[in-house]
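Structure first, commentary second.
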Amino acid sequence: MRILLLGHLGQLGWEARRALACLGEVIAFDYPQIDLSQPRTLPPLIRDIKPTIIYNATAYTAVDKAEQESHLANQINTIAPGVLAECAREVRAVLIHFSTDYVFDGTKGSPYVEDDIPHPLNTYGMTKWMGEQAIQDINDVYLIFRTSWVYSLRRDSFVTKVLEWSRTQETLRIVDDQIGNPTWARMLAEITANLLADYREDPYAQLQDKRGLYHLAGDGWASRFDWAQAILKLHPQPDQRATRHLLPAKTSEFPTPATRPLFSALNCERFKHTFHLSLPPWQDALTLALQR
């Protein structure tokens, strides 16, 4: 199996490079070797490599900046995935792509399933949704995984920010009305590698009837306040913790350029029933992440 990994320096890509290594040859690129803001530079690279799997771990994820950089976000999150899908069809490769819970507006009041109609509230969510559609329009062999609140300890994430704040601030105020599925990047990388291992003989043929869109995130959901509470409880260096008070707040108290969905938790049963795999409870993953 030959795997082309795009975005190997990101929080998911870094983990994926290691998780995928047991499956075969991993050819990894990141900016500036590749530039997804220039999507038409991708076909020559892919034709030359002729991968079995194209694993796209890249995205424009600066949610607030996307409101001012909509063209750049569109190139990376919408146009590039469509080009990758075209290339994958040409070389008979399976395209693995990741999307976001931010395609939803958060008003449903219960976890979203794949058949719920997206209604993004911000530019980032809109470009990710259009990227999903670009891949589906090509309609070849693809797996789109919508995930939620991805974090790692190697790059800036909610977890690293809470740990940083806790070392300098006696009181933290964290919103309790944003709800999602905290997802450790390592677990996300490992479960996709485990999936591919089951179809390594001929993934393009074997995954034909399983192609599609799936929700894949940490099991269970939490508010950002709940998540922060768990992070502080598991603080890997408790002697450095200055925070004594964690207080709930509302999203409306912290205006941002991009509107966030409030309840965007994902129901991942379709993935579990199709592939007989699932991510562990988010609390267990967080414990492992902070105790490693």
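Chain lettering (A, B, ...) mirrors the order of the structure tokens, residue numbering begins at 1 for each chain separately, and ligand numbering begins at 1 in order of display.
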Counting only C-alpha atoms, what is within 7 Å of segment 252-261 of chain A, bar same-chain residues fewer than 3 positions away, as a compact mmCIF listing (two decimals) with all heavy atoms, in the first residue's frame?
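Contents of the output file selection.txt:
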```txt
# COMPACT_ATOMS: atom_id res chain seq x y z
N VAL A 63 -10.80 29.63 12.32
CA VAL A 63 -12.23 29.89 12.20
C VAL A 63 -12.53 31.38 12.11
O VAL A 63 -13.32 31.82 11.26
CB VAL A 63 -13.00 29.24 13.37
CG1 VAL A 63 -14.49 29.57 13.29
CG2 VAL A 63 -12.78 27.73 13.38
N ASP A 64 -11.92 32.19 12.97
CA ASP A 64 -12.20 33.63 12.95
C ASP A 64 -11.55 34.33 11.76
O ASP A 64 -12.17 35.18 11.11
CB ASP A 64 -11.75 34.27 14.26
CG ASP A 64 -12.66 33.89 15.43
OD1 ASP A 64 -13.89 33.81 15.22
OD2 ASP A 64 -12.14 33.64 16.53
N GLU A 67 -13.25 34.57 8.24
CA GLU A 67 -14.24 35.59 7.90
C GLU A 67 -13.63 36.69 7.03
O GLU A 67 -14.33 37.30 6.23
CB GLU A 67 -14.83 36.20 9.19
CG GLU A 67 -15.58 35.21 10.07
CD GLU A 67 -16.71 34.52 9.34
OE1 GLU A 67 -17.54 35.22 8.72
OE2 GLU A 67 -16.78 33.27 9.38
N TYR A 102 -18.76 21.86 12.50
CA TYR A 102 -19.17 23.24 12.23
C TYR A 102 -19.97 23.39 10.95
O TYR A 102 -20.37 24.51 10.59
CB TYR A 102 -17.95 24.16 12.20
CG TYR A 102 -17.49 24.61 13.58
CD1 TYR A 102 -17.77 23.87 14.71
CD2 TYR A 102 -16.75 25.77 13.74
CE1 TYR A 102 -17.35 24.27 15.97
CE2 TYR A 102 -16.31 26.19 15.00
CZ TYR A 102 -16.62 25.43 16.10
OH TYR A 102 -16.19 25.84 17.34
N PHE A 104 -22.86 22.33 10.93
CA PHE A 104 -24.20 22.43 11.51
C PHE A 104 -24.36 23.74 12.29
O PHE A 104 -23.37 24.33 12.73
CB PHE A 104 -24.47 21.24 12.42
CG PHE A 104 -24.47 19.91 11.71
CD1 PHE A 104 -23.49 18.96 11.98
CD2 PHE A 104 -25.44 19.62 10.76
CE1 PHE A 104 -23.48 17.74 11.32
CE2 PHE A 104 -25.44 18.40 10.08
CZ PHE A 104 -24.46 17.47 10.37
N ASP A 105 -25.61 24.14 12.48
CA ASP A 105 -25.85 25.41 13.18
C ASP A 105 -26.06 25.24 14.68
O ASP A 105 -26.18 26.22 15.42
CB ASP A 105 -27.04 26.16 12.56
CG ASP A 105 -28.36 25.39 12.65
OD1 ASP A 105 -28.45 24.41 13.42
OD2 ASP A 105 -29.31 25.78 11.94
N GLY A 106 -26.12 23.99 15.15
CA GLY A 106 -26.20 23.75 16.59
C GLY A 106 -27.56 23.96 17.21
O GLY A 106 -27.68 24.04 18.43
N LEU A 121 -22.80 28.31 10.17
CA LEU A 121 -22.97 29.66 10.69
C LEU A 121 -21.80 30.57 10.34
O LEU A 121 -21.88 31.78 10.57
CB LEU A 121 -23.13 29.63 12.21
CG LEU A 121 -24.33 28.86 12.76
CD1 LEU A 121 -24.30 28.89 14.29
CD2 LEU A 121 -25.63 29.44 12.24
N ASN A 122 -20.71 29.99 9.84
CA ASN A 122 -19.51 30.79 9.56
C ASN A 122 -18.84 30.33 8.28
O ASN A 122 -19.20 29.29 7.70
CB ASN A 122 -18.55 30.73 10.75
CG ASN A 122 -18.19 29.32 11.15
OD1 ASN A 122 -17.77 28.52 10.33
ND2 ASN A 122 -18.35 28.99 12.43
N SER A 264 -23.21 21.06 18.81
CA SER A 264 -22.82 20.45 17.53
C SER A 264 -22.25 19.05 17.74
O SER A 264 -21.44 18.57 16.94
CB SER A 264 -21.80 21.33 16.80
OG SER A 264 -20.65 21.54 17.61
```
Inset, instruction - Check segment 22-262 of chain A with DSSP on the backbone and list each residue it calls helix (DSSP H, G or I), as an NGL selection string. - result: :A and (22-23 or 39-49 or 65-67 or 70-91 or 101-103 or 123-138 or 158-166 or 185-197 or 203-206 or 208-210 or 224-233 or 238-240 or 251-253)
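For the set A:Glu170, A:Asp30, A:Glu201, A:Asp219, the residue with the smallest atom-to-atom gap to Ala57 of chain A is A:Asp30, counting only C-alpha atoms.
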Inset, instruction - Using only C-alpha atoms, pick whichever of A:Ile3, A:Leu84, A:Ala242, A:Leu95 has the shortest atom-to-atom distance to Pro51 of chain A. - result: A:Ile3
Legend entry - Which residue of A:Leu213, A:Leu207, A:Ile46, A:Leu290 approaches Glu90 of chain A most closely, using only C-alpha atoms: A:Ile46
Inset, instruction - Would you list the contacts of Trp149 of chain A as a ChimeraX atom specification, taking every protein, DNA or RNA residue within 7 Å and counting only C-alpha atoms, but skipping same-chain residues closer than 4 positions in sequence? - result: /A:180-183
Inset, instruction - Identify, with DSSP run on backbone atoms, the residues in segment 234-268 of chain A assigned to strand (DSSP E or B), and express the list as number ranges by chain. - result: A: 245-249, 263, 266
Tell me which protein, DNA and RNA residues are within 9 Å of Phe275 of chain A, counting only C-alpha atoms, leaving out same-chain ones fewer than 4 positions away, and put them as a PDB file with N, CA, C and O atoms, in the first residue's frame.
```
ATOM      1  N   LEU A 195      -8.845   0.989  10.370  1.00  0.00           N
ATOM      2  CA  LEU A 195      -9.840   0.763   9.324  1.00  0.00           C
ATOM      3  C   LEU A 195      -9.165   0.327   8.029  1.00  0.00           C
ATOM      4  O   LEU A 195      -9.546  -0.677   7.415  1.00  0.00           O
ATOM      5  N   LYS A 210     -18.627   0.881   0.732  1.00  0.00           N
ATOM      6  CA  LYS A 210     -18.640   1.555   2.032  1.00  0.00           C
ATOM      7  C   LYS A 210     -18.272   3.034   1.910  1.00  0.00           C
ATOM      8  O   LYS A 210     -18.179   3.727   2.922  1.00  0.00           O
ATOM      9  N   ARG A 270     -23.251   5.308  12.723  1.00  0.00           N
ATOM     10  CA  ARG A 270     -23.110   4.772  11.362  1.00  0.00           C
ATOM     11  C   ARG A 270     -21.701   4.223  11.153  1.00  0.00           C
ATOM     12  O   ARG A 270     -21.530   3.125  10.599  1.00  0.00           O
ATOM     13  N   PHE A 271     -20.700   4.956  11.596  1.00  0.00           N
ATOM     14  CA  PHE A 271     -19.318   4.484  11.466  1.00  0.00           C
ATOM     15  C   PHE A 271     -19.133   3.186  12.250  1.00  0.00           C
ATOM     16  O   PHE A 271     -18.546   2.223  11.754  1.00  0.00           O
TER      17      PHE A 271
END
```
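Atom CA of Lys128 of chain A sits 16.4 Å away from atom CA of Ala217 of chain A.
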Inset, instruction - Name the residues in contact with Asp226 of chain A at a cut-off of 10 Å, using only C-alpha atoms, excluding same-chain residues fewer than 3 positions from it; report them as an MDAnalysis selection string. - result: chainID A and resid 174:176 179 221:223 229:231 248
Contacts of Gln38 of chain A at 10 Å or less, counting only C-alpha atoms, minus same-chain residues fewer than 4 places along, as a CSV table (one decimal) with N, CA and C atoms, in the first residue's frame?
```
chain,number,residue,atom,x,y,z
A,34,ILE,N,3.9,21.3,-0.6
A,34,ILE,CA,2.6,21.4,-1.3
A,34,ILE,C,1.9,22.6,-0.8
A,42,LEU,N,-1.6,20.1,-7.6
A,42,LEU,CA,-1.7,18.8,-7.0
A,42,LEU,C,-1.7,17.6,-8.1
A,72,LEU,N,-9.0,32.4,0.6
A,72,LEU,CA,-8.0,31.4,1.0
A,72,LEU,C,-8.7,30.1,1.6
A,75,GLN,N,-10.2,28.1,-1.2
A,75,GLN,CA,-9.3,27.3,-2.0
A,75,GLN,C,-8.8,26.1,-1.3
A,76,ILE,N,-8.6,26.1,0.0
A,76,ILE,CA,-8.0,25.0,0.7
A,76,ILE,C,-9.1,24.0,1.1
A,79,ILE,N,-12.1,24.0,-2.9
A,79,ILE,CA,-11.6,23.6,-4.2
A,79,ILE,C,-10.6,22.5,-4.2
A,80,ALA,N,-9.6,22.5,-3.3
A,80,ALA,CA,-8.6,21.5,-3.2
A,80,ALA,C,-9.2,20.1,-3.0
```
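Among the candidates A:Leu163, A:Cys87, A:Ala193, A:Ile49, the one nearest to Arg18 of chain A when counting only C-alpha atoms is A:Ala193.
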Inset, instruction - For Ala85 of chain A, list every protein, DNA or RNA residue within 8 Å, evaluated using only C-alpha atoms, and leave out those in the same chain fewer than 4 positions away; present the list as number ranges by chain. - result: A: 81, 89, 95, 134-135, 138, 140, 142
For C-alpha atoms, I'd like the residues from the last selection saved as a PDB file, in the first residue's frame.
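Writing the result to part-v8.pdb gives the following:
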```
ATOM      1  CA  PRO A  81     -10.731  18.541  -1.947  1.00  0.00           C
ATOM      2  CA  ARG A  89     -10.454   8.741  -9.427  1.00  0.00           C
ATOM      3  CA  LEU A  95      -9.545   9.504  -0.744  1.00  0.00           C
ATOM      4  CA  ALA A 134     -17.102  18.693  -4.126  1.00  0.00           C
ATOM      5  CA  ILE A 135     -15.859  15.213  -3.195  1.00  0.00           C
ATOM      6  CA  ILE A 138     -16.970  13.280  -8.168  1.00  0.00           C
ATOM      7  CA  ASP A 140     -15.615   7.863  -6.633  1.00  0.00           C
ATOM      8  CA  TYR A 142     -13.959   8.268  -0.719  1.00  0.00           C
TER       9      TYR A 142
END
```
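Restricting the calculation to only C-alpha atoms, the smallest distance between Leu9 of chain A and any of A:Arg154, A:Arg186, A:Lys161, A:His235 is found for A:Arg154.
Counting only C-alpha atoms and comparing A:Ala59, A:Leu277, A:Ala28, A:Leu286, the residue that lies closest to Glu15 of chain A is A:Ala28.
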